[in-house]
file coords_10.cif (mmCIF, C-alpha atoms (C1' of nucleotides))
data_query
#
loop_
_atom_site.label_atom_id
_atom_site.label_comp_id
_atom_site.auth_asym_id
_atom_site.auth_seq_id
_atom_site.Cartn_x
_atom_site.Cartn_y
_atom_site.Cartn_z
CA MET H 370 67.57 -74.12 27.42
CA LYS H 371 70.57 -74.17 29.69
CA ILE H 372 72.15 -77.49 30.49
CA ASP H 373 72.38 -78.87 34.00
CA LYS H 374 75.81 -78.13 35.38
CA ASN H 375 76.74 -81.58 36.52
CA LEU H 376 76.08 -83.02 33.07
CA ILE H 377 78.71 -80.68 31.66
CA GLY H 378 81.18 -81.22 34.49
CA GLY H 379 82.50 -84.53 33.28
CA SER H 380 83.24 -83.27 29.82
CA THR H 381 84.83 -79.92 30.62
CA ILE H 382 88.34 -81.18 29.95
CA LEU H 383 87.31 -82.74 26.65
CA ILE H 384 85.80 -79.44 25.54
CA LEU H 385 88.80 -77.36 26.59
CA LEU H 386 91.39 -79.63 25.02
CA ALA H 387 89.37 -79.88 21.81
CA LEU H 388 89.21 -76.11 21.49
CA LEU H 389 92.88 -75.63 22.27
CA ASP H 390 93.71 -78.31 19.72
CA GLU H 391 92.33 -75.93 17.11
CA LYS H 392 94.22 -72.85 18.18
CA ASP H 393 95.74 -71.11 21.17
CA MET H 394 93.13 -69.26 23.19
CA TYR H 395 92.86 -67.23 26.39
CA GLY H 396 90.39 -67.95 29.17
CA TYR H 397 87.81 -65.31 28.49
CA GLN H 398 87.85 -66.15 24.81
CA ILE H 399 87.20 -69.81 25.60
CA ILE H 400 84.12 -68.90 27.63
CA LYS H 401 82.67 -66.82 24.81
CA GLU H 402 83.55 -69.38 22.15
CA ILE H 403 81.86 -72.23 24.01
CA GLU H 404 78.73 -70.13 24.52
CA LYS H 405 78.63 -69.23 20.87
CA ARG H 406 79.18 -72.71 19.52
CA SER H 407 76.66 -74.33 21.82
CA ASP H 408 74.05 -71.62 21.17
CA GLU H 409 74.26 -70.60 24.84
CA ALA H 410 73.53 -74.13 26.10
CA PHE H 411 76.93 -74.26 27.78
CA GLN H 412 77.77 -71.35 30.03
CA PHE H 413 80.95 -71.27 32.06
CA ARG H 414 81.70 -68.67 34.67
CA GLU H 415 85.22 -67.41 35.12
CA GLY H 416 85.38 -68.81 38.62
CA SER H 417 84.64 -72.25 37.20
CA LEU H 418 86.86 -72.14 34.16
CA TYR H 419 90.10 -70.58 35.34
CA PRO H 420 90.80 -73.15 38.07
CA VAL H 421 90.28 -75.92 35.50
CA LEU H 422 92.77 -74.27 33.14
CA HIS H 423 95.26 -74.08 36.01
CA LYS H 424 94.70 -77.76 36.72
CA LEU H 425 95.27 -78.61 33.05
CA GLN H 426 98.53 -76.71 33.20
CA ASN H 427 99.60 -78.46 36.41
CA ASN H 428 98.90 -81.77 34.71
CA GLY H 429 101.03 -80.75 31.75
CA TYR H 430 98.18 -80.89 29.23
CA VAL H 431 98.60 -77.22 28.35
CA LYS H 432 101.17 -74.50 28.74
CA SER H 433 100.59 -70.76 28.83
CA TYR H 434 102.21 -67.55 27.73
CA MET H 435 101.32 -63.89 28.10
CA ALA H 436 100.68 -61.86 24.96
CA THR H 437 99.29 -58.47 24.08
CA GLY H 438 97.17 -58.72 20.98
CA ASP H 439 95.75 -55.95 18.80
CA THR H 440 94.21 -54.33 21.87
CA GLY H 441 96.29 -53.00 24.70
CA LYS H 442 95.10 -55.72 27.04
CA SER H 443 97.47 -58.41 28.23
CA ARG H 444 96.11 -61.91 27.84
CA LYS H 445 97.15 -65.33 29.00
CA TYR H 446 97.09 -67.72 26.09
CA TYR H 447 96.90 -71.46 26.56
CA GLN H 448 98.51 -73.91 24.17
CA ILE H 449 97.92 -77.66 24.08
CA THR H 450 100.96 -79.89 24.61
CA LYS H 451 101.82 -83.27 23.20
CA LYS H 452 100.66 -84.85 26.43
CA GLY H 453 97.47 -82.83 26.12
CA ARG H 454 96.79 -84.15 22.64
CA LYS H 455 97.22 -87.69 23.89
CA GLN H 456 94.78 -86.96 26.68
CA LEU H 457 92.35 -85.40 24.22
CA LYS H 458 92.31 -88.58 22.18
CA GLU H 459 91.62 -90.56 25.35
CA GLU H 460 88.80 -88.20 26.33
CA GLN H 461 87.25 -88.44 22.89
CA GLU H 462 87.23 -92.23 23.09
CA GLN H 463 85.71 -92.01 26.55
CA TRP H 464 83.02 -89.68 25.27
CA ASN H 465 82.17 -91.94 22.36
CA LEU H 466 81.92 -94.97 24.62
CA PHE H 467 79.94 -93.03 27.21
CA SER H 468 77.46 -91.74 24.68
CA LEU H 469 77.07 -95.22 23.18
CA SER H 470 76.60 -96.81 26.59
CA ILE H 471 73.90 -94.36 27.63
CA ASN H 472 72.00 -95.21 24.50
CA LYS H 473 72.46 -98.91 25.19
CA VAL H 474 71.14 -98.60 28.72
CA LEU H 475 68.23 -96.39 27.70
CA GLY H 476 67.67 -98.53 24.63
CA GLY H 477 65.82 -101.10 26.67
CA SER H 478 63.34 -98.42 27.60
CA ALA H 479 60.43 -98.52 25.18
CA ASN H 480 59.95 -94.79 24.90
CA ALA H 481 63.43 -93.51 25.42
CA PHE H 482 64.00 -90.46 23.22
CA SER H 483 60.32 -90.36 22.46
CA MET B 809 87.08 -99.96 28.89
CA LYS B 810 85.56 -98.46 32.00
CA ILE B 811 84.16 -94.98 31.80
CA ASP B 812 85.46 -92.11 33.88
CA LYS B 813 83.26 -91.67 36.91
CA ASN B 814 82.58 -88.00 36.58
CA LEU B 815 81.29 -88.43 33.06
CA ILE B 816 78.63 -90.79 34.38
CA GLY B 817 77.81 -88.67 37.41
CA GLY B 818 75.62 -86.17 35.63
CA SER B 819 73.46 -88.80 34.02
CA THR B 820 72.93 -91.15 36.96
CA ILE B 821 69.40 -89.92 37.58
CA LEU B 822 68.49 -90.23 33.92
CA ILE B 823 69.69 -93.83 33.90
CA LEU B 824 67.89 -94.77 37.11
CA LEU B 825 64.59 -93.18 36.16
CA ALA B 826 64.73 -94.71 32.68
CA LEU B 827 65.23 -98.19 34.13
CA LEU B 828 62.50 -97.77 36.73
CA ASP B 829 60.18 -96.51 34.00
CA GLU B 830 60.42 -99.99 32.50
CA LYS B 831 59.72 -101.95 35.65
CA ASP B 832 60.09 -101.88 39.42
CA MET B 833 63.59 -102.90 40.48
CA TYR B 834 65.64 -103.21 43.65
CA GLY B 835 69.03 -101.61 44.16
CA TYR B 836 71.29 -104.54 43.64
CA GLN B 837 69.33 -105.53 40.55
CA ILE B 838 69.79 -102.05 39.11
CA ILE B 839 73.56 -102.28 39.54
CA LYS B 840 73.70 -105.61 37.71
CA GLU B 841 71.31 -104.51 34.99
CA ILE B 842 73.30 -101.36 34.21
CA GLU B 843 76.53 -103.35 34.05
CA LYS B 844 74.95 -105.87 31.72
CA ARG B 845 73.34 -103.39 29.36
CA SER B 846 76.43 -101.22 29.08
CA ASP B 847 78.73 -104.23 28.59
CA GLU B 848 80.48 -103.38 31.86
CA ALA B 849 81.25 -99.80 30.80
CA PHE B 850 79.12 -98.45 33.64
CA GLN B 851 79.87 -99.84 37.07
CA PHE B 852 78.13 -98.54 40.14
CA ARG B 853 79.12 -99.50 43.67
CA GLU B 854 76.47 -99.95 46.27
CA GLY B 855 77.80 -97.03 48.29
CA SER B 856 77.30 -94.81 45.26
CA LEU B 857 73.92 -96.05 44.14
CA TYR B 858 71.90 -96.45 47.32
CA PRO B 859 72.30 -92.84 48.48
CA VAL B 860 71.11 -91.68 45.06
CA LEU B 861 68.04 -93.91 45.32
CA HIS B 862 67.34 -92.41 48.74
CA LYS B 863 67.66 -88.95 47.28
CA LEU B 864 65.28 -89.82 44.46
CA GLN B 865 62.79 -90.99 47.04
CA ASN B 866 63.19 -87.83 49.12
CA ASN B 867 62.52 -85.82 45.98
CA GLY B 868 59.38 -87.83 45.31
CA TYR B 869 60.59 -89.25 42.01
CA VAL B 870 60.31 -92.84 43.25
CA LYS B 871 58.64 -94.70 46.09
CA SER B 872 59.69 -97.99 47.60
CA TYR B 873 58.20 -101.13 49.08
CA MET B 874 59.65 -104.28 50.60
CA ALA B 875 58.95 -107.59 48.92
CA THR B 876 60.17 -111.15 49.20
CA GLY B 877 60.42 -112.69 45.76
CA ASP B 878 60.96 -116.33 44.79
CA THR B 879 64.02 -116.50 47.03
CA GLY B 880 63.80 -116.03 50.76
CA LYS B 881 65.62 -112.71 50.60
CA SER B 882 63.77 -109.50 51.38
CA ARG B 883 64.26 -106.79 48.81
CA LYS B 884 63.44 -103.12 48.58
CA TYR B 885 61.77 -102.40 45.28
CA TYR B 886 61.67 -98.92 43.80
CA GLN B 887 58.78 -97.68 41.68
CA ILE B 888 58.75 -94.51 39.57
CA THR B 889 56.08 -91.92 40.42
CA LYS B 890 54.19 -89.51 38.21
CA LYS B 891 56.58 -86.76 39.30
CA GLY B 892 59.46 -89.09 38.46
CA ARG B 893 58.16 -89.65 34.94
CA LYS B 894 57.91 -85.91 34.43
CA GLN B 895 61.50 -85.55 35.63
CA LEU B 896 62.59 -88.38 33.34
CA LYS B 897 61.21 -86.55 30.34
CA GLU B 898 63.10 -83.43 31.41
CA GLU B 899 66.33 -85.41 31.88
CA GLN B 900 65.97 -86.97 28.46
CA GLU B 901 65.58 -83.57 26.84
CA GLN B 902 68.62 -82.35 28.76
CA TRP B 903 70.62 -85.34 27.58
CA ASN B 904 69.64 -84.82 23.96
CA LEU B 905 70.58 -81.15 24.10
CA PHE B 906 73.80 -81.89 25.94
CA SER B 907 74.87 -84.55 23.47
CA LEU B 908 74.02 -82.26 20.57
CA SER B 909 75.89 -79.33 22.10
CA ILE B 910 79.04 -81.32 22.71
CA ASN B 911 79.05 -82.30 19.08
CA LYS B 912 78.51 -78.68 18.08
CA VAL B 913 81.43 -77.50 20.18
CA LEU B 914 83.71 -80.30 19.06
CA GLY B 915 82.40 -79.92 15.52
CA GLY B 916 84.72 -76.98 14.92
CA SER B 917 87.63 -79.26 15.66
CA ALA B 918 88.94 -80.70 12.40
CA ASN B 919 89.71 -84.14 13.71
CA ALA B 920 87.06 -84.57 16.36
CA PHE B 921 85.86 -88.16 16.38
CA SER B 922 88.66 -89.11 14.06
"C1'" DA C 614 79.16 -129.46 57.55
"C1'" DA C 615 82.05 -125.59 57.15
"C1'" DA C 616 83.88 -122.07 54.52
"C1'" DA C 617 83.64 -119.02 50.92
"C1'" DT C 618 81.15 -116.33 47.84
"C1'" DA C 619 77.20 -113.76 46.08
"C1'" DT C 620 73.37 -111.27 47.29
"C1'" DA C 621 71.32 -107.15 49.60
"C1'" DC C 622 70.99 -102.90 52.15
"C1'" DT C 623 73.05 -99.00 54.90
"C1'" DT C 624 75.77 -95.00 56.47
"C1'" DA C 625 79.75 -92.12 58.23
"C1'" DG C 626 83.37 -89.67 56.83
"C1'" DA C 627 86.89 -88.60 53.26
"C1'" DT C 628 87.62 -86.81 49.05
"C1'" DG C 629 87.10 -84.10 45.17
"C1'" DT C 630 84.86 -80.77 42.31
"C1'" DT C 631 82.44 -76.87 41.08
"C1'" DC C 632 80.19 -72.59 42.28
"C1'" DT C 633 79.53 -68.23 44.57
"C1'" DA C 634 81.35 -64.28 45.76
"C1'" DT C 635 84.64 -61.10 45.68
"C1'" DG C 636 88.72 -58.61 44.33
"C1'" DT C 637 91.76 -56.27 40.95
"C1'" DA C 638 92.55 -53.85 36.64
"C1'" DT C 639 92.10 -51.99 31.82
"C1'" DA C 640 89.57 -50.74 27.52
"C1'" DA C 641 85.51 -49.42 25.20
"C1'" DA C 642 81.14 -47.47 24.95
"C1'" DT C 643 77.56 -44.29 26.45
"C1'" DA Z 1076 82.36 -39.19 33.67
"C1'" DT Z 1077 80.14 -43.32 34.23
"C1'" DT Z 1078 78.93 -47.71 32.94
"C1'" DT Z 1079 79.78 -51.92 30.65
"C1'" DA Z 1080 82.73 -55.41 28.72
"C1'" DT Z 1081 86.98 -57.52 28.95
"C1'" DA Z 1082 90.41 -60.28 31.62
"C1'" DC Z 1083 92.49 -62.81 35.34
"C1'" DA Z 1084 92.54 -64.75 40.08
"C1'" DT Z 1085 91.34 -67.18 44.50
"C1'" DA Z 1086 89.21 -68.28 49.13
"C1'" DG Z 1087 85.66 -70.58 51.08
"C1'" DA Z 1088 81.03 -72.58 50.55
"C1'" DA Z 1089 78.35 -75.96 48.81
"C1'" DC Z 1090 77.57 -80.19 46.68
"C1'" DA Z 1091 78.22 -84.84 45.14
"C1'" DT Z 1092 80.41 -89.12 45.00
"C1'" DC Z 1093 83.45 -92.67 46.68
"C1'" DT Z 1094 85.77 -95.50 50.03
"C1'" DA Z 1095 85.33 -98.26 53.60
"C1'" DA Z 1096 83.11 -100.52 56.91
"C1'" DG Z 1097 79.21 -102.89 58.93
"C1'" DT Z 1098 75.13 -106.12 59.00
"C1'" DA Z 1099 72.68 -110.13 57.36
"C1'" DT Z 1100 70.99 -114.04 54.49
"C1'" DA Z 1101 71.27 -117.42 50.61
"C1'" DT Z 1102 73.95 -120.15 47.66
"C1'" DT Z 1103 77.87 -122.55 46.18
"C1'" DT Z 1104 82.11 -124.85 46.86
"C1'" DT Z 1105 85.29 -127.68 49.31
#

call {"tool": "encode", "arguments": {"input": "coords_10.cif", "output": "structure tokens"}}
result
Amino acid sequence: MKIDKNLIGGSTILILLALLDEKDMYGYQIIKEIEKRSDEAFQFREGSLYPVLHKLQNNGYVKSYMATGDTGKSRKYYQITKKGRKQLKEEQEQWNLFSLSINKVLGGSANAFS
Amino acid sequence: MKIDKNLIGGSTILILLALLDEKDMYGYQIIKEIEKRSDEAFQFREGSLYPVLHKLQNNGYVKSYMATGDTGKSRKYYQITKKGRKQLKEEQEQWNLFSLSINKVLGGSANAFS
DNA sequence: AAAATATACTTAGATGTTCTATGTATAAAT
DNA sequence: ATTTATACATAGAACATCTAAGTATATTTT
């Protein structure tokens, strides 16, 4: 099953910063990695992802550099910054609280998660 | 802490249908109930909630009726429909998968949820 | 009694975000 | 040689939410 786009929307930045906190990655690689890890539940298109990466860079959460890897292709790698790591921590706390709160609100419902 | 609006956005319909699956409620009551259950983490404004209720009604997920309760004030109660309950089930499955997938993606990160 | 606050619903328009669609270009596979 | 996968980019469309304002009644405070 594919997940409704506007569920994912709010957590895009969390996902991106979490991945880049592991290692530097380039855009296309991020798309493939997210697909793989989520068993295809999350699917980003380039037109959706790249503008977000640019926004992250404008906000100072990541910086980028060009590099040519083992292949001949030139790639734009993104690297998380100190400010980005701080933001990541904030986003993780937000996610934990959000997830908890949803369960609280649905908790009153007798057959939630039935 | 208050939760970032665009995290909540994607799950608004899930929350509303889950509440209305418990009992009929009117708009203002829904706002207060969500605040209470989430310990103020979720805060909807009227201008955000009412249009969503109207959309739910247009989609046939809820129907509404006017009623004057114990007070003299006239209120518009919303009631979930059969179609709405079907949608609720779908939204719950989506939420479960979404929540799981986020954890999968973040799972690779050494200090996720640290 | 008057004023202020809480309750209750509504909508127009601004804002913001994502998606579609399209373009460019190279490397690998058929 | 042609197709597919890789790789980045952006304009404009489409969509959703929020702000702000308006209306009206009931309750509480002064």

call {"tool": "residues_around", "arguments": {"input": "coords_10.cif", "residues": "Met370 of chain H", "least_positions_apart": "3", "cutoff": "9 Å", "atoms": "all atoms listed in the file", "output": "list in words"}}
result
Glu409 and Ala410 of chain H; Gln902 and Leu905 of chain B

call {"tool": "closest_residue", "arguments": {"input": "coords_10.cif", "among": "B:Tyr858, B:Tyr834, B:Phe906, B:Phe850", "to": "chain Z", "atoms": "all atoms listed in the file"}}
result
B:Tyr858

call {"tool": "closest_residue", "arguments": {"input": "coords_10.cif", "among": "C:DT618, C:DT633, C:DT623, C:DT639", "to": "DA1080 of chain Z", "atoms": "only C-alpha atoms (C1' of nucleotides)"}}
result
C:DT639

call {"tool": "atom_distance", "arguments": {"input": "coords_10.cif", "atom1": "atom CA of Met394 of chain H", "atom2": "atom CA of Ser819 of chain B"}}
result
29.8 Å

call {"tool": "residues_around", "arguments": {"input": "coords_10.cif", "residues": "DT1079 of chain Z", "least_positions_apart": "4", "cutoff": "12 Å", "atoms": "only C-alpha atoms (C1' of nucleotides)", "output": "VMD selection string"}}
result
chain C and resid 640 to 643

call {"tool": "build_atoms", "arguments": {"input": "coords_10.cif", "residues": "segment 814-835 of chain B", "atoms": "N, CA, C and O atoms", "output": "short mmCIF file (atom, residue, chain, number, x, y, z; two decimals), in the frame of the given file"}}
result
data_model
loop_
_atom_site.label_atom_id
_atom_site.label_comp_id
_atom_site.auth_asym_id
_atom_site.auth_seq_id
_atom_site.Cartn_x
_atom_site.Cartn_y
_atom_site.Cartn_z
N ASN B 814 83.29 -89.28 36.57
CA ASN B 814 82.58 -88.00 36.58
C ASN B 814 81.91 -87.67 35.26
O ASN B 814 81.18 -86.70 35.16
N LEU B 815 82.11 -88.53 34.26
CA LEU B 815 81.29 -88.43 33.06
C LEU B 815 79.90 -88.98 33.37
O LEU B 815 78.88 -88.41 33.00
N ILE B 816 79.89 -90.11 34.07
CA ILE B 816 78.63 -90.79 34.38
C ILE B 816 77.79 -89.99 35.37
O ILE B 816 76.57 -89.93 35.26
N GLY B 817 78.48 -89.37 36.32
CA GLY B 817 77.81 -88.67 37.41
C GLY B 817 76.58 -87.89 37.00
O GLY B 817 75.50 -88.09 37.56
N GLY B 818 76.72 -87.05 36.02
CA GLY B 818 75.62 -86.17 35.63
C GLY B 818 74.43 -86.87 35.05
O GLY B 818 73.35 -86.29 34.95
N SER B 819 74.59 -88.13 34.66
CA SER B 819 73.46 -88.80 34.02
C SER B 819 72.93 -89.97 34.84
O SER B 819 72.11 -90.75 34.37
N THR B 820 73.38 -90.06 36.09
CA THR B 820 72.93 -91.15 36.96
C THR B 820 71.41 -91.16 37.11
O THR B 820 70.76 -92.20 36.98
N ILE B 821 70.85 -90.00 37.36
CA ILE B 821 69.40 -89.92 37.58
C ILE B 821 68.62 -90.29 36.33
O ILE B 821 67.62 -91.01 36.40
N LEU B 822 69.12 -89.83 35.19
CA LEU B 822 68.49 -90.23 33.92
C LEU B 822 68.46 -91.74 33.78
O LEU B 822 67.42 -92.34 33.47
N ILE B 823 69.59 -92.37 34.04
CA ILE B 823 69.69 -93.83 33.90
C ILE B 823 68.72 -94.53 34.85
O ILE B 823 67.96 -95.42 34.45
N LEU B 824 68.74 -94.11 36.11
CA LEU B 824 67.89 -94.77 37.11
C LEU B 824 66.41 -94.61 36.78
O LEU B 824 65.65 -95.58 36.82
N LEU B 825 66.00 -93.40 36.45
CA LEU B 825 64.59 -93.18 36.16
C LEU B 825 64.17 -93.93 34.89
O LEU B 825 63.06 -94.46 34.82
N ALA B 826 65.06 -94.00 33.92
CA ALA B 826 64.73 -94.71 32.68
C ALA B 826 64.53 -96.20 32.96
O ALA B 826 63.60 -96.82 32.43
N LEU B 827 65.37 -96.77 33.80
CA LEU B 827 65.23 -98.19 34.13
C LEU B 827 63.94 -98.44 34.90
O LEU B 827 63.19 -99.38 34.61
N LEU B 828 63.70 -97.58 35.89
CA LEU B 828 62.50 -97.77 36.73
C LEU B 828 61.21 -97.46 35.95
O LEU B 828 60.13 -97.88 36.37
N ASP B 829 61.35 -96.77 34.84
CA ASP B 829 60.18 -96.51 34.00
C ASP B 829 59.77 -97.79 33.25
O ASP B 829 58.64 -97.92 32.79
N GLU B 830 60.73 -98.71 33.15
CA GLU B 830 60.42 -99.99 32.50
C GLU B 830 59.71 -100.93 33.46
O GLU B 830 58.71 -101.54 33.13
N LYS B 831 60.32 -101.07 34.64
CA LYS B 831 59.72 -101.95 35.65
C LYS B 831 60.30 -101.65 37.02
O LYS B 831 61.38 -101.06 37.14
N ASP B 832 59.59 -102.04 38.06
CA ASP B 832 60.09 -101.88 39.42
C ASP B 832 61.35 -102.72 39.58
O ASP B 832 61.42 -103.84 39.10
N MET B 833 62.34 -102.17 40.26
CA MET B 833 63.59 -102.90 40.48
C MET B 833 64.13 -102.59 41.88
O MET B 833 63.79 -101.58 42.46
N TYR B 834 64.97 -103.48 42.38
CA TYR B 834 65.64 -103.21 43.65
C TYR B 834 67.09 -102.84 43.37
O TYR B 834 67.62 -103.11 42.29
N GLY B 835 67.71 -102.20 44.35
CA GLY B 835 69.03 -101.61 44.16
C GLY B 835 70.08 -102.50 43.52
O GLY B 835 70.70 -102.13 42.52
#
